[in-house]
$ cat data22.cif   # mmCIF, C-alpha atoms and all ligand atoms
data_entry
loop_
_atom_site.label_atom_id
_atom_site.label_comp_id
_atom_site.auth_asym_id
_atom_site.auth_seq_id
_atom_site.Cartn_x
_atom_site.Cartn_y
_atom_site.Cartn_z
CA MET A 1 12.84 -14.51 -21.26
CA THR A 2 9.87 -15.08 -23.52
CA THR A 3 7.18 -12.46 -23.94
CA LEU A 4 4.43 -12.28 -21.38
CA LYS A 5 0.71 -11.68 -20.94
CA VAL A 6 -0.12 -9.99 -17.66
CA LEU A 7 -3.30 -9.47 -15.64
CA VAL A 8 -3.28 -6.71 -13.01
CA VAL A 9 -6.07 -6.99 -10.41
CA GLY A 10 -7.54 -3.80 -8.96
CA SER A 11 -8.90 -0.41 -9.95
CA GLY A 12 -7.02 2.29 -8.06
CA GLY A 13 -4.16 4.69 -8.65
CA ARG A 14 -1.75 1.97 -7.53
CA GLU A 15 -2.99 -0.36 -10.26
CA HIS A 16 -2.85 2.39 -12.91
CA ALA A 17 0.79 3.01 -11.91
CA LEU A 18 1.54 -0.74 -12.04
CA ALA A 19 -0.11 -0.98 -15.46
CA TRP A 20 1.94 2.01 -16.64
CA ALA A 21 5.23 0.51 -15.41
CA LEU A 22 4.43 -2.91 -16.90
CA SER A 23 3.32 -1.38 -20.21
CA ASN A 24 6.85 0.06 -20.60
CA SER A 25 8.31 -3.46 -20.62
CA PRO A 26 9.60 -4.78 -23.95
CA LEU A 27 8.68 -8.25 -22.65
CA LEU A 28 4.96 -7.46 -22.45
CA THR A 29 2.64 -8.72 -25.20
CA ARG A 30 -0.82 -8.20 -23.65
CA LEU A 31 -1.94 -6.33 -20.56
CA TYR A 32 -5.33 -6.74 -18.88
CA VAL A 33 -6.63 -5.01 -15.76
CA ALA A 34 -9.58 -6.36 -13.77
CA PRO A 35 -11.68 -4.32 -13.28
CA GLY A 36 -9.43 -1.29 -13.99
CA ASN A 37 -10.47 2.35 -14.46
CA PRO A 38 -10.53 4.88 -17.32
CA GLY A 39 -6.78 5.45 -16.83
CA THR A 40 -5.84 1.79 -17.15
CA ALA A 41 -8.09 1.59 -20.23
CA THR A 42 -5.60 3.81 -22.08
CA LEU A 43 -2.81 1.25 -21.51
CA ALA A 44 -4.54 -2.09 -21.19
CA GLU A 45 -7.77 -3.93 -21.81
CA ASN A 46 -10.09 -3.56 -18.82
CA VAL A 47 -11.91 -6.76 -17.89
CA PRO A 48 -15.18 -6.45 -15.92
CA ILE A 49 -14.31 -8.86 -13.10
CA GLY A 50 -14.36 -7.78 -9.46
CA VAL A 51 -11.24 -8.20 -7.32
CA LEU A 52 -12.96 -10.75 -5.06
CA ASP A 53 -14.42 -12.91 -7.84
CA ILE A 54 -11.63 -15.43 -7.59
CA PRO A 55 -13.17 -18.18 -9.78
CA ALA A 56 -13.75 -15.64 -12.59
CA LEU A 57 -10.21 -14.25 -12.28
CA VAL A 58 -8.73 -17.76 -12.44
CA ASP A 59 -10.93 -18.75 -15.41
CA PHE A 60 -9.97 -15.56 -17.25
CA ALA A 61 -6.26 -16.10 -16.59
CA VAL A 62 -6.38 -19.67 -17.86
CA ALA A 63 -8.59 -18.92 -20.89
CA HIS A 64 -6.38 -16.00 -21.99
CA GLY A 65 -3.02 -17.71 -21.45
CA ILE A 66 -1.95 -15.23 -18.78
CA ASP A 67 1.67 -15.70 -17.66
CA LEU A 68 1.57 -13.47 -14.58
CA VAL A 69 -1.17 -12.13 -12.31
CA VAL A 70 -0.28 -9.01 -10.31
CA PRO A 71 -2.79 -8.42 -7.50
CA GLY A 72 -3.01 -4.81 -6.28
CA PRO A 73 -5.15 -4.99 -3.12
CA GLU A 74 -4.85 -7.41 -0.19
CA ALA A 75 -8.43 -8.70 -0.19
CA PRO A 76 -8.08 -11.22 -3.07
CA LEU A 77 -4.82 -12.53 -1.58
CA VAL A 78 -6.32 -13.00 1.89
CA ALA A 79 -9.23 -14.74 0.12
CA GLY A 80 -6.88 -17.19 -1.64
CA LEU A 81 -6.24 -15.88 -5.18
CA ALA A 82 -2.64 -17.18 -5.17
CA ASP A 83 -3.79 -20.59 -3.88
CA ALA A 84 -6.48 -20.80 -6.58
CA LEU A 85 -3.98 -19.92 -9.34
CA ALA A 86 -1.25 -22.32 -8.15
CA PRO A 87 -2.70 -25.54 -9.64
CA THR A 88 -3.27 -23.81 -13.01
CA GLY A 89 0.42 -22.94 -13.37
CA VAL A 90 -0.36 -19.22 -13.82
CA ARG A 91 2.16 -17.20 -11.78
CA CYS A 92 0.78 -14.93 -9.07
CA CYS A 93 3.03 -12.23 -7.64
CA GLY A 94 1.48 -12.36 -4.20
CA PRO A 95 1.31 -14.63 -1.16
CA THR A 96 -0.95 -17.59 -0.45
CA ALA A 97 -3.82 -16.99 1.98
CA ALA A 98 -1.74 -18.56 4.77
CA ALA A 99 1.13 -16.12 4.13
CA ALA A 100 -1.24 -13.18 3.53
CA ALA A 101 -2.24 -13.56 7.19
CA LEU A 102 0.72 -11.23 7.81
CA GLU A 103 -1.75 -8.48 6.83
CA GLY A 104 -5.03 -10.33 7.44
CA SER A 105 -4.37 -10.93 11.14
CA LYS A 106 -2.51 -8.40 13.26
CA SER A 107 -1.98 -10.94 16.06
CA PHE A 108 -0.45 -13.40 13.56
CA ALA A 109 1.94 -10.68 12.36
CA LYS A 110 2.86 -9.95 15.98
CA GLU A 111 3.52 -13.66 16.64
CA ILE A 112 5.85 -13.73 13.64
CA CYS A 113 7.65 -10.62 14.95
CA ASP A 114 8.14 -12.15 18.38
CA ALA A 115 9.29 -15.50 16.98
CA ALA A 116 11.71 -13.85 14.55
CA GLY A 117 13.02 -11.09 16.85
CA ILE A 118 11.57 -8.26 14.73
CA PRO A 119 11.36 -4.91 16.59
CA THR A 120 7.72 -3.92 17.18
CA ALA A 121 5.46 -2.40 19.85
CA ARG A 122 4.81 -4.64 22.90
CA TRP A 123 1.37 -6.21 22.59
CA GLU A 124 -1.33 -8.48 24.02
CA ARG A 125 -4.29 -10.21 22.35
CA PHE A 126 -7.85 -10.11 23.81
CA SER A 127 -11.29 -11.37 22.90
CA ASP A 128 -12.86 -10.73 26.31
CA ALA A 129 -13.93 -7.10 26.90
CA ALA A 130 -13.54 -7.21 30.69
CA ALA A 131 -9.97 -8.50 30.43
CA ALA A 132 -9.13 -5.85 27.81
CA LEU A 133 -10.62 -3.01 29.89
CA ASP A 134 -8.71 -4.25 32.94
CA PHE A 135 -5.46 -4.29 30.93
CA VAL A 136 -5.99 -0.66 29.85
CA ALA A 137 -6.79 0.34 33.46
CA ARG A 138 -3.43 -1.14 34.51
CA ARG A 139 -1.36 0.18 31.58
CA GLY A 140 -2.94 3.65 31.12
CA ALA A 141 -2.93 5.84 28.02
CA PRO A 142 -1.72 6.55 25.42
CA ILE A 143 -2.36 3.07 24.12
CA VAL A 144 -3.33 1.56 20.76
CA ILE A 145 -6.38 -0.67 20.15
CA LYS A 146 -6.50 -2.69 16.90
CA ALA A 147 -9.07 -5.01 15.38
CA ASP A 148 -7.24 -8.24 14.57
CA GLY A 149 -8.72 -8.68 11.08
CA LEU A 150 -9.00 -6.56 7.92
CA ALA A 151 -10.98 -3.37 8.52
CA ALA A 152 -10.32 -1.15 5.48
CA GLY A 153 -8.27 1.27 7.58
CA LYS A 154 -10.97 1.63 10.27
CA GLY A 155 -9.65 -0.89 12.76
CA VAL A 156 -7.02 1.15 14.63
CA THR A 157 -7.58 3.61 17.48
CA VAL A 158 -4.57 5.48 18.80
CA ALA A 159 -6.15 6.36 22.15
CA ALA A 160 -4.81 9.47 23.90
CA THR A 161 -6.96 8.74 26.97
CA GLU A 162 -8.20 5.66 28.80
CA ALA A 163 -11.78 6.70 27.99
CA GLU A 164 -11.01 6.59 24.25
CA ALA A 165 -9.34 3.21 24.62
CA ASN A 166 -12.31 1.85 26.57
CA ALA A 167 -14.75 3.15 23.95
CA ALA A 168 -12.76 1.39 21.18
CA ILE A 169 -12.70 -1.87 23.16
CA THR A 170 -16.43 -1.71 23.84
CA ALA A 171 -17.21 -0.95 20.19
CA LEU A 172 -15.16 -3.91 18.94
CA LEU A 173 -15.66 -6.59 21.60
CA THR A 174 -19.11 -5.76 23.01
CA GLU A 175 -20.95 -4.03 20.16
CA ASN A 176 -19.26 -6.01 17.33
CA ALA A 177 -18.80 -2.79 15.34
CA LEU A 178 -16.51 -4.55 12.84
CA GLY A 179 -18.05 -8.02 13.10
CA GLU A 180 -15.58 -10.95 12.92
CA SER A 181 -12.67 -8.62 12.03
CA GLY A 182 -12.91 -7.04 15.48
CA ALA A 183 -13.94 -10.10 17.52
CA THR A 184 -10.29 -10.40 18.55
CA ILE A 185 -8.22 -7.29 19.27
CA VAL A 186 -4.59 -6.44 19.79
CA ILE A 187 -3.70 -3.83 22.39
CA GLU A 188 -0.26 -2.39 21.99
CA GLU A 189 2.22 0.12 23.26
CA CYS A 190 1.93 3.56 21.62
CA LEU A 191 5.04 4.42 19.64
CA THR A 192 6.10 7.86 18.48
CA GLY A 193 8.11 8.96 15.48
CA GLU A 194 7.87 9.51 11.74
CA GLU A 195 6.29 6.73 9.68
CA VAL A 196 7.78 5.31 6.49
CA SER A 197 6.67 2.56 4.13
CA LEU A 198 9.36 0.04 3.11
CA PHE A 199 8.76 -2.23 0.11
CA ALA A 200 10.50 -5.51 -0.68
CA LEU A 201 9.96 -8.03 -3.45
CA CYS A 202 10.20 -11.58 -2.08
CA ASP A 203 10.53 -15.01 -3.69
CA GLY A 204 9.99 -17.25 -0.67
CA THR A 205 13.58 -17.05 0.55
CA ALA A 206 15.36 -14.06 -1.02
CA CYS A 207 14.23 -10.45 -1.27
CA ILE A 208 15.24 -7.25 -3.03
CA LEU A 209 14.51 -3.67 -2.09
CA LEU A 210 11.68 -1.93 -3.94
CA GLY A 211 12.39 1.31 -2.16
CA ALA A 212 10.58 3.37 0.43
CA ALA A 213 8.11 6.22 0.58
CA GLN A 214 6.39 8.35 3.17
CA ASP A 215 2.60 8.41 3.04
CA HIS A 216 0.51 11.31 4.39
CA LYS A 217 -2.50 9.58 5.98
CA ARG A 218 -4.51 12.44 7.43
CA ILE A 219 -6.95 14.39 5.28
CA GLY A 220 -5.73 17.78 6.50
CA GLU A 221 -2.52 19.72 6.05
CA ASN A 222 0.06 19.39 8.86
CA ASP A 223 -1.32 15.89 9.53
CA THR A 224 -4.66 16.99 10.96
CA GLY A 225 -8.18 15.55 10.69
CA PRO A 226 -9.29 11.97 10.14
CA ASN A 227 -7.20 9.17 8.65
CA THR A 228 -7.65 8.33 4.96
CA GLY A 229 -6.28 5.66 2.65
CA GLY A 230 -3.40 8.09 2.03
CA MET A 231 -3.39 11.63 0.61
CA GLY A 232 0.04 11.65 -1.01
CA ALA A 233 3.55 10.27 -0.77
CA ILE A 234 7.17 11.17 -1.29
CA SER A 235 9.86 8.74 -2.40
CA PRO A 236 12.53 8.39 -1.19
CA PRO A 237 11.48 9.68 2.23
CA PRO A 238 13.89 12.42 3.35
CA GLY A 239 15.93 11.07 6.27
CA PHE A 240 15.46 7.39 5.29
CA PRO A 241 18.09 6.98 2.55
CA PRO A 242 18.87 3.81 0.57
CA ASP A 243 21.44 2.50 3.07
CA ALA A 244 18.87 2.76 5.90
CA GLN A 245 16.33 1.03 3.64
CA GLU A 246 18.78 -1.84 2.94
CA ALA A 247 19.50 -2.16 6.68
CA ALA A 248 15.75 -2.31 7.32
CA LEU A 249 15.49 -5.38 5.04
CA ASP A 250 17.71 -7.22 7.56
CA LEU A 251 15.56 -6.12 10.48
CA PHE A 252 12.01 -6.42 9.11
CA ILE A 253 11.91 -8.51 5.91
CA ARG A 254 14.57 -11.25 5.94
CA PRO A 255 13.72 -12.55 9.45
CA ALA A 256 10.02 -12.65 8.51
CA LEU A 257 10.83 -14.61 5.32
CA ARG A 258 12.90 -17.13 7.33
CA GLU A 259 10.13 -17.54 9.90
CA MET A 260 7.40 -17.95 7.27
CA ALA A 261 9.46 -20.52 5.36
CA ALA A 262 10.22 -22.44 8.57
CA ARG A 263 6.46 -22.64 9.23
CA GLY A 264 5.86 -24.17 5.80
CA THR A 265 4.17 -21.00 4.46
CA PRO A 266 6.91 -19.26 2.44
CA TYR A 267 6.17 -15.67 1.42
CA THR A 268 6.13 -14.67 -2.26
CA GLY A 269 5.24 -11.21 -3.55
CA ILE A 270 5.50 -7.66 -2.31
CA LEU A 271 6.00 -7.28 1.43
CA PHE A 272 5.31 -3.76 2.68
CA ALA A 273 6.59 -2.98 6.17
CA GLY A 274 4.96 0.06 7.78
CA LEU A 275 7.69 1.36 10.08
CA MET A 276 7.87 3.98 12.77
CA LEU A 277 11.26 5.66 13.17
CA THR A 278 11.24 5.84 16.98
CA PRO A 279 13.97 7.29 19.22
CA ASP A 280 14.92 3.63 19.90
CA GLY A 281 15.30 2.82 16.20
CA PRO A 282 12.79 1.69 13.57
CA LYS A 283 9.91 -0.51 14.74
CA LEU A 284 7.27 -2.38 12.79
CA ILE A 285 3.74 -0.91 12.90
CA GLU A 286 2.24 -3.41 10.47
CA TYR A 287 2.86 -5.62 7.46
CA ASN A 288 0.89 -5.30 4.25
CA VAL A 289 1.06 -8.02 1.61
CA ARG A 290 0.95 -5.69 -1.39
CA PHE A 291 2.11 -2.37 -2.79
CA GLY A 292 0.89 0.80 -1.03
CA ASP A 293 -1.45 3.39 -2.48
CA PRO A 294 -0.36 6.23 -3.02
CA GLU A 295 3.23 5.06 -2.31
CA THR A 296 3.42 3.00 -5.54
CA GLN A 297 2.64 6.05 -7.65
CA ALA A 298 5.68 7.77 -6.06
CA LEU A 299 7.96 4.70 -6.28
CA LEU A 300 7.49 3.45 -9.82
CA PRO A 301 8.40 6.66 -11.72
CA ARG A 302 11.86 6.31 -10.08
CA LEU A 303 12.38 2.73 -11.26
CA GLN A 304 14.94 2.56 -14.06
CA SER A 305 14.87 -1.23 -14.50
CA ASP A 306 12.09 -3.21 -16.11
CA LEU A 307 9.57 -4.19 -13.39
CA LEU A 308 8.12 -7.16 -15.27
CA PRO A 309 11.10 -9.59 -15.16
CA ALA A 310 11.57 -8.78 -11.46
CA LEU A 311 7.99 -9.80 -10.66
CA VAL A 312 8.44 -12.99 -12.69
CA ALA A 313 11.73 -13.75 -10.91
CA ALA A 314 9.93 -13.39 -7.57
CA CYS A 315 7.34 -15.97 -8.65
CA ASP A 316 10.01 -18.31 -10.03
CA GLY A 317 12.22 -18.20 -6.91
CA GLU A 318 15.03 -16.47 -8.82
CA LEU A 319 15.44 -13.16 -7.02
CA ALA A 320 18.82 -14.00 -5.46
CA GLN A 321 20.60 -13.05 -8.71
CA PHE A 322 18.40 -10.04 -9.36
CA SER A 323 18.92 -6.34 -8.79
CA LEU A 324 16.98 -3.24 -9.73
CA SER A 325 18.32 0.21 -10.51
CA TRP A 326 16.62 3.44 -9.56
CA LEU A 327 16.85 6.98 -10.87
CA ASP A 328 18.45 9.38 -8.42
CA LEU A 329 15.29 11.50 -8.38
CA THR A 330 12.54 12.35 -5.93
CA CYS A 331 8.91 11.70 -6.77
CA VAL A 332 5.94 13.28 -5.01
CA SER A 333 2.42 11.90 -5.49
CA VAL A 334 -0.54 14.13 -4.58
CA VAL A 335 -3.98 12.55 -4.17
CA VAL A 336 -6.89 14.63 -5.42
CA ALA A 337 -10.04 13.50 -3.61
CA GLU A 338 -13.71 14.32 -3.99
CA ARG A 339 -14.77 16.95 -1.42
CA GLY A 340 -16.16 15.22 1.69
CA TYR A 341 -13.76 12.26 1.61
CA PRO A 342 -13.08 10.33 3.90
CA GLY A 343 -16.71 10.96 4.91
CA ALA A 344 -19.68 11.02 2.53
CA TYR A 345 -19.02 12.47 -0.94
CA ALA A 346 -20.81 12.99 -4.25
CA LYS A 347 -20.13 10.99 -7.39
CA GLY A 348 -20.35 12.16 -10.97
CA SER A 349 -18.54 15.51 -10.55
CA PRO A 350 -16.96 16.69 -13.81
CA ILE A 351 -13.16 16.50 -14.18
CA GLY A 352 -11.54 18.59 -16.90
CA GLY A 353 -7.99 19.52 -17.82
CA ILE A 354 -6.53 16.01 -17.57
CA ASP A 355 -4.56 16.33 -20.82
CA ARG A 356 -3.32 19.78 -19.86
CA ALA A 357 -2.19 18.43 -16.45
CA ALA A 358 -0.50 15.40 -18.00
CA ALA A 359 1.39 17.69 -20.38
CA VAL A 360 3.11 19.52 -17.49
CA PRO A 361 6.82 18.58 -17.74
CA HIS A 362 7.88 15.79 -15.34
CA ALA A 363 4.29 15.17 -14.24
CA ALA A 364 2.11 12.07 -14.57
CA ILE A 365 -1.55 11.45 -13.71
CA PHE A 366 -2.88 8.16 -12.40
CA HIS A 367 -6.62 7.53 -12.18
CA ALA A 368 -8.36 5.95 -9.18
CA GLY A 369 -12.02 6.83 -8.59
CA THR A 370 -12.90 8.05 -12.09
CA ASP A 371 -15.54 7.04 -14.60
CA LEU A 372 -16.56 7.99 -18.11
CA ARG A 373 -20.08 9.34 -18.53
CA ASP A 374 -21.14 10.13 -22.12
CA GLY A 375 -17.47 10.37 -23.00
CA HIS A 376 -16.72 12.84 -20.20
CA LEU A 377 -14.51 12.08 -17.21
CA VAL A 378 -16.32 12.27 -13.86
CA SER A 379 -15.53 11.34 -10.27
CA ALA A 380 -16.61 7.92 -9.03
CA GLY A 381 -14.89 7.47 -5.69
CA GLY A 382 -13.23 9.13 -2.71
CA ARG A 383 -9.64 9.22 -3.93
CA VAL A 384 -10.09 10.27 -7.55
CA LEU A 385 -6.67 10.98 -9.08
CA THR A 386 -3.02 10.77 -8.06
CA VAL A 387 -0.90 13.49 -9.61
CA CYS A 388 2.86 12.82 -9.60
CA GLY A 389 5.86 15.05 -10.11
CA THR A 390 9.46 13.95 -10.46
CA GLY A 391 12.61 16.02 -10.08
CA PRO A 392 16.18 16.14 -8.79
CA THR A 393 14.99 17.50 -5.42
CA ALA A 394 11.82 17.31 -3.35
CA THR A 395 11.21 20.97 -4.17
CA ALA A 396 11.40 20.32 -7.92
CA ALA A 397 9.20 17.21 -7.63
CA ARG A 398 6.61 19.15 -5.62
CA ALA A 399 6.66 21.99 -8.14
CA ALA A 400 5.93 19.61 -11.03
CA ALA A 401 3.17 17.76 -9.13
CA TYR A 402 1.39 20.91 -7.97
CA ALA A 403 1.69 22.60 -11.39
CA ALA A 404 -0.17 19.58 -12.79
CA VAL A 405 -2.78 19.63 -9.99
CA GLU A 406 -3.42 23.30 -10.72
CA ALA A 407 -3.83 22.57 -14.42
CA LEU A 408 -6.86 20.39 -13.61
CA ASP A 409 -10.36 21.78 -13.92
CA TYR A 410 -11.99 19.78 -11.13
CA PRO A 411 -13.88 22.21 -8.87
CA SER A 412 -14.97 19.60 -6.31
CA GLY A 413 -11.47 18.11 -6.01
CA VAL A 414 -9.56 18.66 -2.75
CA TYR A 415 -5.91 17.96 -1.98
CA ARG A 416 -3.19 18.65 0.55
CA ARG A 417 -0.69 21.33 -0.40
CA ASP A 418 2.02 20.02 1.92
CA ILE A 419 2.86 16.60 0.46
CA GLY A 420 6.61 15.99 0.71
CA LYS A 421 7.18 19.29 2.43
CA LYS A 422 8.75 17.98 5.64
CA ASP A 423 12.33 17.68 4.55
CA VAL A 424 13.90 16.43 7.77
CA LEU A 425 12.31 13.34 9.26
CA PHE A 426 14.60 12.55 12.15
P1 LIG B 501 -3.17 0.94 10.18
O1 LIG B 501 -4.65 1.16 9.93
O2 LIG B 501 -2.84 -0.39 10.74
O3 LIG B 501 -2.35 1.41 9.02
O4 LIG B 501 -2.78 1.95 11.37
C1 LIG B 501 -3.19 3.26 11.26
C2 LIG B 501 -2.22 4.17 11.92
O5 LIG B 501 -2.26 4.00 13.33
C3 LIG B 501 -0.76 3.93 11.58
O6 LIG B 501 -0.40 4.47 10.36
C4 LIG B 501 -0.10 4.66 12.72
O7 LIG B 501 -0.09 6.05 12.48
C5 LIG B 501 -1.03 4.38 13.88
N1 LIG B 501 -0.49 3.32 14.73
C6 LIG B 501 -0.64 1.99 14.57
N2 LIG B 501 0.02 1.32 15.55
C7 LIG B 501 0.59 2.25 16.34
C8 LIG B 501 1.40 2.21 17.53
N3 LIG B 501 1.72 1.06 18.11
N4 LIG B 501 1.80 3.38 18.08
C9 LIG B 501 1.43 4.56 17.52
N5 LIG B 501 0.69 4.68 16.40
C10 LIG B 501 0.26 3.54 15.82
N1 LIG B 502 -0.98 4.00 1.85
C1 LIG B 502 -1.05 2.97 2.82
C2 LIG B 502 -1.51 1.68 2.29
O1 LIG B 502 -1.51 1.43 1.11
O2 LIG B 502 -1.84 0.83 3.11
#
$ encode --input "data22.cif" --output "structure tokens"
Amino acid sequence: MTTLKVLVVGSGGREHALAWALSNSPLLTRLYVAPGNPGTATLAENVPIGVLDIPALVDFAVAHGIDLVVPGPEAPLVAGLADALAPTGVRCCGPTAAAAALEGSKSFAKEICDAAGIPTARWERFSDAAAALDFVARRGAPIVIKADGLAAGKGVTVAATEAEANAAITALLTENALGESGATIVIEECLTGEEVSLFALCDGTACILLGAAQDHKRIGENDTGPNTGGMGAISPPPGFPPDAQEAALDLFIRPALREMAARGTPYTGILFAGLMLTPDGPKLIEYNVRFGDPETQALLPRLQSDLLPALVAACDGELAQFSLSWLDLTCVSVVVAERGYPGAYAKGSPIGGIDRAAAVPHAAIFHAGTDLRDGHLVSAGGRVLTVCGTGPTATAARAAAYAAVEALDYPSGVYRRDIGKKDVLF
């Protein structure tokens, strides 16, 4: 393979981890990140283009002879980044807008599941509030109410009571709390079990396993308090070993690829299946059309193979002959957030001790919501840093990650102390 120029799109911990993995590739000649963060600036050239400025991303890719674009978040894919790059010949490791509807529309994902026989919660779609309220009155609680469209993690209510379900329906369908995203809703059966994130790299027809991780979505220890974008992850998830992950490709990824191809919208890129390990076996909670954050930060330190040729093979339809090898290690990623997150939080808080933390053996630091002010690192977002530790056991990985967290001098940083602590999932 010839050498490659790569553009990563995004600015979070996930994109810093992707930039780090790609920068280790002997095939890489230039790496750009748009818009990036102070962490990606140490590995790549940051380009001041927003993730939704598709014309500017395409122009940049063409003008700089980019060989591969790697989108981090879903928004540019749902908005058509892959479609806009296709006529230019620049590869994009992500789906077209039509295929990104697997994440962009929950009812579309459910239709694919039903058509392809993919195990998932039973569901119905509504856009009329009276019909939705009547359905809940007949079904009872617990029950799950979801905005159909993208809602930045705010579109799902797991309602323990009918009153909670009714309030969610009224907010979405009567009060338009999420606008168009919530003008259609999905109401589904409430599942119980541990959740895991499964990642596959897809080339339209074939796929390979990118591993699995368990996210910790709640802000508080022991899974309490409000949901967040994710407060930490462990990979591999205890109780969901590689053979179970491979089996899950046959249940959740390959049938979806066949169905998407049959509809004339083949799926290329990372397909992330959010699974619940229920007493009746694993079931799909949702698809995402991208890597997870903070799962990626826990997956990539375990990757032994070069990531770059795998992403290119996915774009070129050549994954069938491809395989990746992984280190037999556990990685734990701990998110350090600004106090107040996921509610209101301050920006500009000083962050010290980054070099000391990064020097902890078997630890790595990925930036997310950071900024440089007069040469000093400060906070600039809710999830500020992801601190990773790697080791032969979950205990060793946790020890490395938390030793690095404690080496930070970031007084307004908060984090969960129990990431990766559950060692038996099911
Ligand atoms: P999402 O915003 O789509 O990631 O969903 C947020 C969370 O809601 C998921 O991580 C699950 O914990 C929960 N959830 C979604 N669907 C269901 C379901 N059918 N049963 C139980 N919990 C669910
Ligand atoms: N950590 C969950 C996500 O990336 O959607």
$ closest_residue --input "data22.cif" --among "A:Leu198, A:Ala314, A:Leu210, A:Ala357" --to "ligand LIG 502 (chain B)" --atoms "only C-alpha atoms and all ligand atoms"
A:Leu198
$ residues_around --input "data22.cif" --residues "Asp243 of chain A" --least-positions-apart "6" --cutoff "12 Å" --atoms "all atoms listed in the file" --output "PDB file with C-alpha atoms, keeping the file's coordinate frame"
ATOM      1  CA  LEU A 209      14.510  -3.670  -2.090  1.00  0.00           C
ATOM      2  CA  GLY A 211      12.390   1.310  -2.160  1.00  0.00           C
ATOM      3  CA  ALA A 212      10.580   3.370   0.430  1.00  0.00           C
ATOM      4  CA  PRO A 236      12.530   8.390  -1.190  1.00  0.00           C
ATOM      5  CA  LEU A 249      15.490  -5.380   5.040  1.00  0.00           C
ATOM      6  CA  ASP A 250      17.710  -7.220   7.560  1.00  0.00           C
TER       7      ASP A 250
END
$ closest_residue --input "data22.cif" --among "A:Ala116, A:Ala99, A:Ser323, A:Val136" --to "Arg254 of chain A" --atoms "only C-alpha atoms"
A:Ala116
$ residues_near_ligand --input "data22.cif" --ligand "ligand LIG 502 (chain B)" --cutoff "10 Å" --atoms "only C-alpha atoms and all ligand atoms" --output "ChimeraX atom specification"
/A:14,72-74,152-153,196-197,213-217,228-233,272-274,286-296
$ write_last_selection --input "data22.cif" --atoms "C-alpha atoms" --output "mmCIF file, keeping the file's coordinate frame"
data_model
loop_
_atom_site.group_PDB
_atom_site.id
_atom_site.type_symbol
_atom_site.label_atom_id
_atom_site.label_comp_id
_atom_site.auth_asym_id
_atom_site.auth_seq_id
_atom_site.Cartn_x
_atom_site.Cartn_y
_atom_site.Cartn_z
ATOM 1 C CA ARG A 14 -1.750 1.970 -7.530
ATOM 2 C CA GLY A 72 -3.010 -4.810 -6.280
ATOM 3 C CA PRO A 73 -5.150 -4.990 -3.120
ATOM 4 C CA GLU A 74 -4.850 -7.410 -0.190
ATOM 5 C CA ALA A 152 -10.320 -1.150 5.480
ATOM 6 C CA GLY A 153 -8.270 1.270 7.580
ATOM 7 C CA VAL A 196 7.780 5.310 6.490
ATOM 8 C CA SER A 197 6.670 2.560 4.130
ATOM 9 C CA ALA A 213 8.110 6.220 0.580
ATOM 10 C CA GLN A 214 6.390 8.350 3.170
ATOM 11 C CA ASP A 215 2.600 8.410 3.040
ATOM 12 C CA HIS A 216 0.510 11.310 4.390
ATOM 13 C CA LYS A 217 -2.500 9.580 5.980
ATOM 14 C CA THR A 228 -7.650 8.330 4.960
ATOM 15 C CA GLY A 229 -6.280 5.660 2.650
ATOM 16 C CA GLY A 230 -3.400 8.090 2.030
ATOM 17 C CA MET A 231 -3.390 11.630 0.610
ATOM 18 C CA GLY A 232 0.040 11.650 -1.010
ATOM 19 C CA ALA A 233 3.550 10.270 -0.770
ATOM 20 C CA PHE A 272 5.310 -3.760 2.680
ATOM 21 C CA ALA A 273 6.590 -2.980 6.170
ATOM 22 C CA GLY A 274 4.960 0.060 7.780
ATOM 23 C CA GLU A 286 2.240 -3.410 10.470
ATOM 24 C CA TYR A 287 2.860 -5.620 7.460
ATOM 25 C CA ASN A 288 0.890 -5.300 4.250
ATOM 26 C CA VAL A 289 1.060 -8.020 1.610
ATOM 27 C CA ARG A 290 0.950 -5.690 -1.390
ATOM 28 C CA PHE A 291 2.110 -2.370 -2.790
ATOM 29 C CA GLY A 292 0.890 0.800 -1.030
ATOM 30 C CA ASP A 293 -1.450 3.390 -2.480
ATOM 31 C CA PRO A 294 -0.360 6.230 -3.020
ATOM 32 C CA GLU A 295 3.230 5.060 -2.310
ATOM 33 C CA THR A 296 3.420 3.000 -5.540
#
$ atom_distance --input "data22.cif" --atom1 "atom CA of Leu408 of chain A" --atom2 "atom CA of Thr390 of chain A"
17.8 Å
$ residues_around --input "data22.cif" --residues "Ala97 of chain A" --least-positions-apart "2" --cutoff "8 Å" --atoms "all atoms listed in the file" --output "tab-separated table (two decimals) with C-alpha atoms, keeping the file's coordinate frame"
chain	number	residue	atom	x	y	z
A	77	LEU	CA	-4.82	-12.53	-1.58
A	78	VAL	CA	-6.32	-13.00	1.89
A	79	ALA	CA	-9.23	-14.74	0.12
A	80	GLY	CA	-6.88	-17.19	-1.64
A	81	LEU	CA	-6.24	-15.88	-5.18
A	82	ALA	CA	-2.64	-17.18	-5.17
A	83	ASP	CA	-3.79	-20.59	-3.88
A	95	PRO	CA	1.31	-14.63	-1.16
A	99	ALA	CA	1.13	-16.12	4.13
A	100	ALA	CA	-1.24	-13.18	3.53
A	101	ALA	CA	-2.24	-13.56	7.19
$ residues_around --input "data22.cif" --residues "Gly389 of chain A" --least-positions-apart "3" --cutoff "6 Å" --atoms "all atoms listed in the file" --output "list in words"
Cys331, Val332, His362, Ala363, Ala397, Ala400 and Ala401 of chain A
$ closest_residue --input "data22.cif" --among "A:Gly140, A:Pro35, A:Pro266, A:Gly413" --to "Ala337 of chain A" --atoms "only C-alpha atoms"
A:Gly413
